[in-house]
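upload_34.pdb (PDB, C-alpha atoms and all ligand atoms) appears below.
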ATOM      1  CA  MET A  23       0.000   0.000   0.000
ATOM      2  CA  LYS A  24       0.974   3.622  -0.508
ATOM      3  CA  LEU A  25       0.575   6.607   1.812
ATOM      4  CA  LYS A  26       0.929  10.212   0.673
ATOM      5  CA  VAL A  27       3.130  12.358   2.899
ATOM      6  CA  ILE A  28       1.676  15.845   2.538
ATOM      7  CA  THR A  29       4.544  18.220   3.244
ATOM      8  CA  SER A  30       6.870  20.751   1.673
ATOM      9  CA  ASN A  31       9.798  19.034   3.436
ATOM     10  CA  PRO A  32      11.551  16.146   1.603
ATOM     11  CA  GLY A  33      13.563  15.372   4.782
ATOM     12  CA  LYS A  34      10.356  14.258   6.524
ATOM     13  CA  VAL A  35       9.462  11.974   3.593
ATOM     14  CA  ALA A  36      12.864  10.245   3.796
ATOM     15  CA  GLU A  37      12.359   9.575   7.512
ATOM     16  CA  TYR A  38       8.839   8.184   6.971
ATOM     17  CA  GLN A  39      10.038   5.961   4.116
ATOM     18  CA  LYS A  40      12.731   4.395   6.328
ATOM     19  CA  ALA A  41      10.342   3.981   9.246
ATOM     20  CA  PHE A  42       7.642   2.263   7.158
ATOM     21  CA  ASP A  43       9.985   0.115   5.026
ATOM     22  CA  GLU A  44       9.598  -2.909   7.310
ATOM     23  CA  LEU A  45       5.794  -2.790   6.959
ATOM     24  CA  GLY A  46       6.062  -2.680   3.175
ATOM     25  CA  ILE A  47       4.216   0.647   3.040
ATOM     26  CA  GLU A  48       5.467   2.983   0.334
ATOM     27  CA  MET A  49       5.585   6.745   0.884
ATOM     28  CA  GLU A  50       4.714   9.188  -1.850
ATOM     29  CA  HIS A  51       5.831  12.816  -1.495
ATOM     30  CA  TYR A  52       2.673  14.829  -2.143
ATOM     31  CA  ARG A  53       2.720  18.614  -2.219
ATOM     32  CA  LEU A  54      -0.635  20.103  -1.269
ATOM     33  CA  PRO A  55      -0.520  23.376   0.634
ATOM     34  CA  TYR A  56      -2.998  23.461   3.531
ATOM     35  CA  ASP A  57      -3.796  26.074   6.101
ATOM     36  CA  GLU A  58      -1.714  25.710   9.282
ATOM     37  CA  VAL A  59      -3.916  27.468  11.835
ATOM     38  CA  GLN A  60      -2.067  29.648  14.339
ATOM     39  CA  THR A  61      -2.616  27.942  17.691
ATOM     40  CA  SER A  62      -0.461  26.725  20.558
ATOM     41  CA  ASP A  63      -1.629  23.156  19.986
ATOM     42  CA  LEU A  64       0.111  20.948  17.381
ATOM     43  CA  GLU A  65      -2.808  18.461  17.361
ATOM     44  CA  GLU A  66      -5.254  21.231  16.515
ATOM     45  CA  VAL A  67      -3.080  22.284  13.554
ATOM     46  CA  VAL A  68      -3.021  18.679  12.356
ATOM     47  CA  ASN A  69      -6.755  18.035  12.821
ATOM     48  CA  LYS A  70      -7.781  21.257  11.033
ATOM     49  CA  GLY A  71      -5.290  20.536   8.228
ATOM     50  CA  MET A  72      -6.703  17.025   7.849
ATOM     51  CA  ASP A  73     -10.283  18.362   7.640
ATOM     52  CA  GLU A  74      -9.209  20.638   4.794
ATOM     53  CA  ILE A  75      -7.306  17.896   2.936
ATOM     54  CA  VAL A  76     -10.188  15.395   3.248
ATOM     55  CA  SER A  77     -12.629  18.069   2.034
ATOM     56  CA  LYS A  78     -10.517  18.265  -1.142
ATOM     57  CA  GLY A  79     -11.116  14.544  -1.710
ATOM     58  CA  VAL A  80      -7.596  13.369  -0.795
ATOM     59  CA  ARG A  81      -7.403  10.172   1.328
ATOM     60  CA  ASP A  82      -4.719   7.803   2.650
ATOM     61  CA  PHE A  83      -2.169  10.375   3.757
ATOM     62  CA  ILE A  84       0.060  11.577   6.570
ATOM     63  CA  VAL A  85       0.531  15.148   7.764
ATOM     64  CA  ASP A  86       3.133  16.115  10.345
ATOM     65  CA  ASP A  87       3.405  19.239  12.445
ATOM     66  CA  THR A  88       6.596  19.488  14.489
ATOM     67  CA  GLY A  89       8.026  22.045  16.890
ATOM     68  CA  LEU A  90      11.185  22.561  18.926
ATOM     69  CA  PHE A  91      10.367  23.697  22.466
ATOM     70  CA  ILE A  92      13.314  25.207  24.374
ATOM     71  CA  ASP A  93      12.970  25.230  28.188
ATOM     72  CA  ALA A  94      14.963  28.422  28.863
ATOM     73  CA  LEU A  95      12.987  30.287  26.162
ATOM     74  CA  LYS A  96       9.659  29.237  27.731
ATOM     75  CA  GLY A  97       8.885  26.892  24.849
ATOM     76  CA  PHE A  98       9.985  29.186  21.990
ATOM     77  CA  PRO A  99      10.123  28.616  19.007
ATOM     78  CA  GLY A 100       7.450  25.879  19.566
ATOM     79  CA  VAL A 101       4.527  26.371  17.221
ATOM     80  CA  TRP A 102       6.507  29.146  15.493
ATOM     81  CA  SER A 103       9.388  26.779  14.631
ATOM     82  CA  ALA A 104       8.960  27.036  10.853
ATOM     83  CA  TYR A 105       8.883  30.842  11.005
ATOM     84  CA  ALA A 106      11.880  31.029  13.360
ATOM     85  CA  GLN A 107      13.889  28.653  11.150
ATOM     86  CA  LYS A 108      13.167  30.808   8.073
ATOM     87  CA  THR A 109      13.923  34.101   9.802
ATOM     88  CA  ILE A 110      16.563  33.858  12.546
ATOM     89  CA  GLY A 111      17.676  30.300  11.696
ATOM     90  CA  ASN A 112      19.897  28.092  13.837
ATOM     91  CA  GLN A 113      22.415  30.925  14.354
ATOM     92  CA  GLY A 114      19.623  33.125  15.727
ATOM     93  CA  ILE A 115      18.548  30.418  18.175
ATOM     94  CA  LEU A 116      22.171  29.913  19.300
ATOM     95  CA  LYS A 117      22.468  33.674  19.808
ATOM     96  CA  LEU A 118      19.362  33.650  22.041
ATOM     97  CA  MET A 119      20.965  30.798  23.993
ATOM     98  CA  GLU A 120      24.357  32.505  24.454
ATOM     99  CA  GLY A 121      25.411  32.289  28.111
ATOM    100  CA  VAL A 122      22.286  30.271  29.005
ATOM    101  CA  GLU A 123      23.149  27.361  31.277
ATOM    102  CA  ASP A 124      19.886  25.405  31.000
ATOM    103  CA  ARG A 125      20.174  23.889  27.484
ATOM    104  CA  GLY A 126      17.156  21.543  27.855
ATOM    105  CA  ALA A 127      14.729  21.303  24.938
ATOM    106  CA  GLU A 128      12.322  18.914  23.315
ATOM    107  CA  PHE A 129      11.012  18.167  19.866
ATOM    108  CA  ARG A 130       7.321  17.317  19.590
ATOM    109  CA  CYS A 131       6.000  15.712  16.436
ATOM    110  CA  CYS A 132       2.290  15.344  15.845
ATOM    111  CA  ILE A 133       1.320  12.956  13.045
ATOM    112  CA  GLY A 134      -2.145  12.818  11.538
ATOM    113  CA  CYS A 135      -2.802   9.707   9.478
ATOM    114  CA  ASP A 136      -5.840   9.129   7.293
ATOM    115  CA  ILE A 137      -5.956   5.459   6.328
ATOM    116  CA  ASP A 138      -8.816   3.271   5.093
ATOM    117  CA  GLY A 139     -11.289   5.940   6.238
ATOM    118  CA  ARG A 140      -9.826   6.022   9.786
ATOM    119  CA  ARG A 141      -8.167   9.033  11.399
ATOM    120  CA  ILE A 142      -5.310   8.506  13.842
ATOM    121  CA  VAL A 143      -3.516  11.424  15.533
ATOM    122  CA  VAL A 144      -0.471  10.742  17.729
ATOM    123  CA  THR A 145       2.342  12.815  19.236
ATOM    124  CA  GLY A 146       5.936  11.700  19.807
ATOM    125  CA  VAL A 147       8.465  13.552  21.936
ATOM    126  CA  CYS A 148      12.259  13.562  22.138
ATOM    127  CA  ARG A 149      14.129  15.383  24.893
ATOM    128  CA  GLY A 150      17.652  16.664  24.483
ATOM    129  CA  VAL A 151      19.837  19.748  24.608
ATOM    130  CA  ILE A 152      20.670  22.719  22.406
ATOM    131  CA  THR A 153      24.354  22.559  21.516
ATOM    132  CA  ASP A 154      26.748  25.531  21.739
ATOM    133  CA  ALA A 155      27.492  25.420  17.996
ATOM    134  CA  PRO A 156      26.030  23.696  14.916
ATOM    135  CA  LYS A 157      27.447  20.231  14.211
ATOM    136  CA  GLY A 158      26.874  17.786  11.342
ATOM    137  CA  THR A 159      25.564  18.081   7.818
ATOM    138  CA  ASP A 160      22.796  15.447   7.607
ATOM    139  CA  GLY A 161      19.122  15.946   8.372
ATOM    140  CA  PHE A 162      17.351  19.294   8.125
ATOM    141  CA  GLY A 163      15.996  22.234  10.104
ATOM    142  CA  TYR A 164      17.174  22.298  13.718
ATOM    143  CA  ASP A 165      19.052  18.968  13.488
ATOM    144  CA  PRO A 166      22.579  20.551  13.658
ATOM    145  CA  ILE A 167      21.852  22.261  17.003
ATOM    146  CA  PHE A 168      19.851  19.524  18.786
ATOM    147  CA  SER A 169      21.447  16.591  20.543
ATOM    148  CA  PRO A 170      19.291  13.923  22.216
ATOM    149  CA  ASP A 171      22.094  12.775  24.538
ATOM    150  CA  GLY A 172      24.509  15.731  24.679
ATOM    151  CA  LYS A 173      26.938  13.873  22.393
ATOM    152  CA  LEU A 174      25.947  13.612  18.718
ATOM    153  CA  THR A 175      23.465  15.991  17.095
ATOM    154  CA  PHE A 176      20.692  14.609  14.870
ATOM    155  CA  ALA A 177      22.657  16.074  11.921
ATOM    156  CA  GLU A 178      25.521  13.695  12.761
ATOM    157  CA  MET A 179      23.292  10.595  12.647
ATOM    158  CA  SER A 180      21.973   8.377   9.873
ATOM    159  CA  VAL A 181      18.214   8.469   9.223
ATOM    160  CA  ASP A 182      17.891   5.030  10.868
ATOM    161  CA  ASP A 183      19.738   6.156  14.012
ATOM    162  CA  LYS A 184      17.680   9.356  14.228
ATOM    163  CA  ASN A 185      14.412   7.405  13.764
ATOM    164  CA  ARG A 186      15.339   5.022  16.584
ATOM    165  CA  ILE A 187      15.157   7.817  19.177
ATOM    166  CA  SER A 188      13.543  10.853  17.577
ATOM    167  CA  HIS A 189      10.191  12.542  18.151
ATOM    168  CA  ARG A 190       9.104  11.428  14.658
ATOM    169  CA  GLY A 191      10.331   7.864  15.229
ATOM    170  CA  ASN A 192       8.452   7.750  18.545
ATOM    171  CA  ALA A 193       5.303   9.124  16.899
ATOM    172  CA  VAL A 194       5.559   6.536  14.100
ATOM    173  CA  ARG A 195       5.811   3.740  16.690
ATOM    174  CA  LEU A 196       2.608   5.018  18.358
ATOM    175  CA  LEU A 197       0.959   5.196  14.945
ATOM    176  CA  ILE A 198       1.972   1.630  14.067
ATOM    177  CA  ASP A 199       0.602   0.394  17.437
ATOM    178  CA  ALA A 200      -2.687   2.160  16.695
ATOM    179  CA  LEU A 201      -2.798   0.692  13.174
ATOM    180  CA  LYS A 202      -2.444  -2.804  14.633
ATOM    181  CA  GLU A 203      -5.468  -2.317  16.919
TER     182      GLU A 203
HETATM  183  P1  LIG B   1       5.541  21.116   6.306
HETATM  184  O1  LIG B   1       4.787  21.986   7.303
HETATM  185  O2  LIG B   1       5.268  21.463   4.883
HETATM  186  O3  LIG B   1       5.374  19.647   6.596
HETATM  187  P2  LIG B   1       7.909  22.171   7.611
HETATM  188  O4  LIG B   1       9.355  21.834   7.432
HETATM  189  O5  LIG B   1       7.539  23.627   7.661
HETATM  190  O6  LIG B   1       7.112  21.385   6.481
HETATM  191  P3  LIG B   1       6.969  21.879  10.364
HETATM  192  O7  LIG B   1       6.100  23.086  10.343
HETATM  193  O8  LIG B   1       6.439  20.636  10.999
HETATM  194  O9  LIG B   1       7.394  21.433   8.885
HETATM  195  O10 LIG B   1       8.360  22.169  11.020
HETATM  196  C1  LIG B   1       8.646  23.331  11.769
HETATM  197  C2  LIG B   1      10.126  23.604  11.696
HETATM  198  O11 LIG B   1      10.815  22.607  12.432
HETATM  199  C3  LIG B   1      10.701  23.588  10.277
HETATM  200  O12 LIG B   1      11.639  24.627  10.167
HETATM  201  C4  LIG B   1      11.376  22.235  10.165
HETATM  202  O13 LIG B   1      12.528  22.277   9.334
HETATM  203  C5  LIG B   1      11.772  21.981  11.610
HETATM  204  N1  LIG B   1      11.731  20.538  11.886
HETATM  205  C6  LIG B   1      10.673  19.699  11.776
HETATM  206  N2  LIG B   1      11.030  18.437  12.060
HETATM  207  C7  LIG B   1      12.351  18.469  12.361
HETATM  208  C8  LIG B   1      13.300  17.502  12.706
HETATM  209  O14 LIG B   1      12.990  16.215  12.792
HETATM  210  N3  LIG B   1      14.568  17.886  12.910
HETATM  211  C9  LIG B   1      14.919  19.192  12.822
HETATM  212  N4  LIG B   1      14.091  20.179  12.488
HETATM  213  C10 LIG B   1      12.815  19.824  12.258
END
Can you present the structure in this file as structure tokens?
Amino acid sequence: MKLKVITSNPGKVAEYQKAFDELGIEMEHYRLPYDEVQTSDLEEVVNKGMDEIVSKGVRDFIVDDTGLFIDALKGFPGVWSAYAQKTIGNQGILKLMEGVEDRGAEFRCCIGCDIDGRRIVVTGVCRGVITDAPKGTDGFGYDPIFSPDGKLTFAEMSVDDKNRISHRGNAVRLLIDALKE
């Protein structure tokens, strides 16, 4: 079977493809802009987006809304992660974190899956720290400045290694459990 991954981000599609390989589910990168409502709740963004996509007649798909929540910045950039990445970027985040001792942060990934007429919405989390400088060239977005264990950043890991511990990997595991029910 095939699932459409509705996103502008090819990095997400690569991670989903690896994660679903073992189930024999093929991912298709599908570009369909949808309204991402401005709210503090990732699940609300996903549910509203899914309503819009279904109303356009598209079925059997995944949407993914992810944010990086930094403890010392009271959760910023959080639901504004896409905007912050486009504007201040990783260097801007590191600047905000200059001299800050508490480096704790977490990624939250909310996946909405429409499959065989069912809707499943799950959220996966990964805690870690913001590094002092960018490291690594793999991955995308905030990967070079986020380390799950204070050693390697996500940008220094293979897709398989990132999936094993990441917010998206954890969300996919919850999704697969729900699919088996
Ligand atoms: P779509 O909304 O089209 O899916 P996007 O990249 O804008 O693509 P998000 O809104 O979910 O996706 O992501 C918010 C920001 O967080 C954006 O800048 C992403 O690059 C970044 N991001 C998402 N997942 C990430 C991950 O696993 N590692 C690092 N950065 C990530």
Within-6 Å residues of ligand LIG 1 (chain B), basis only C-alpha atoms and all ligand atoms, as a list in words: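 So the residues close to ligand LIG 1 (chain B) are Thr29, Ser30, Asn31, Asp86, Asp87, Thr88, Gly89, Ser103, Ala104, Gln107, Phe162, Gly163, Tyr164 and Asp165 of chain A.
With all atoms listed in the file as the basis for measurement, A:Leu95 is the residue among A:Ile187, A:Leu95, A:Leu25, A:Ala106 that approaches A:Ala127 most closely.
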Would you kindly translate the PyMOL selection byres (((chain A and resi 190-198) around 9) and not hetatm) into the concrete residues it picks from this file, as a PDB file with C-alpha atoms, in the coordinates of the input?
ATOM      1  CA  LYS A  34      10.356  14.258   6.524  1.00  0.00           C
ATOM      2  CA  GLU A  37      12.359   9.575   7.512  1.00  0.00           C
ATOM      3  CA  TYR A  38       8.839   8.184   6.971  1.00  0.00           C
ATOM      4  CA  ALA A  41      10.342   3.981   9.246  1.00  0.00           C
ATOM      5  CA  PHE A  42       7.642   2.263   7.158  1.00  0.00           C
ATOM      6  CA  ASP A  86       3.133  16.115  10.345  1.00  0.00           C
ATOM      7  CA  THR A  88       6.596  19.488  14.489  1.00  0.00           C
ATOM      8  CA  PHE A 129      11.012  18.167  19.866  1.00  0.00           C
ATOM      9  CA  ARG A 130       7.321  17.317  19.590  1.00  0.00           C
ATOM     10  CA  CYS A 131       6.000  15.712  16.436  1.00  0.00           C
ATOM     11  CA  CYS A 132       2.290  15.344  15.845  1.00  0.00           C
ATOM     12  CA  ILE A 133       1.320  12.956  13.045  1.00  0.00           C
ATOM     13  CA  GLY A 134      -2.145  12.818  11.538  1.00  0.00           C
ATOM     14  CA  CYS A 135      -2.802   9.707   9.478  1.00  0.00           C
ATOM     15  CA  ILE A 142      -5.310   8.506  13.842  1.00  0.00           C
ATOM     16  CA  VAL A 143      -3.516  11.424  15.533  1.00  0.00           C
ATOM     17  CA  VAL A 144      -0.471  10.742  17.729  1.00  0.00           C
ATOM     18  CA  THR A 145       2.342  12.815  19.236  1.00  0.00           C
ATOM     19  CA  GLY A 146       5.936  11.700  19.807  1.00  0.00           C
ATOM     20  CA  VAL A 147       8.465  13.552  21.936  1.00  0.00           C
ATOM     21  CA  CYS A 148      12.259  13.562  22.138  1.00  0.00           C
ATOM     22  CA  LYS A 184      17.680   9.356  14.228  1.00  0.00           C
ATOM     23  CA  ASN A 185      14.412   7.405  13.764  1.00  0.00           C
ATOM     24  CA  ARG A 186      15.339   5.022  16.584  1.00  0.00           C
ATOM     25  CA  ILE A 187      15.157   7.817  19.177  1.00  0.00           C
ATOM     26  CA  SER A 188      13.543  10.853  17.577  1.00  0.00           C
ATOM     27  CA  HIS A 189      10.191  12.542  18.151  1.00  0.00           C
ATOM     28  CA  ASP A 199       0.602   0.394  17.437  1.00  0.00           C
ATOM     29  CA  ALA A 200      -2.687   2.160  16.695  1.00  0.00           C
ATOM     30  CA  LEU A 201      -2.798   0.692  13.174  1.00  0.00           C
ATOM     31  CA  LYS A 202      -2.444  -2.804  14.633  1.00  0.00           C
ATOM     32  CA  GLU A 203      -5.468  -2.317  16.919  1.00  0.00           C
TER      33      GLU A 203
END
Point-to-point distance in Å for atom CA of A:Val67 and atom CA of A:Gly114: 25.3 Å
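Between atom CA of A:Gly158 and atom CA of A:His51 the separation is 25.1 Å.
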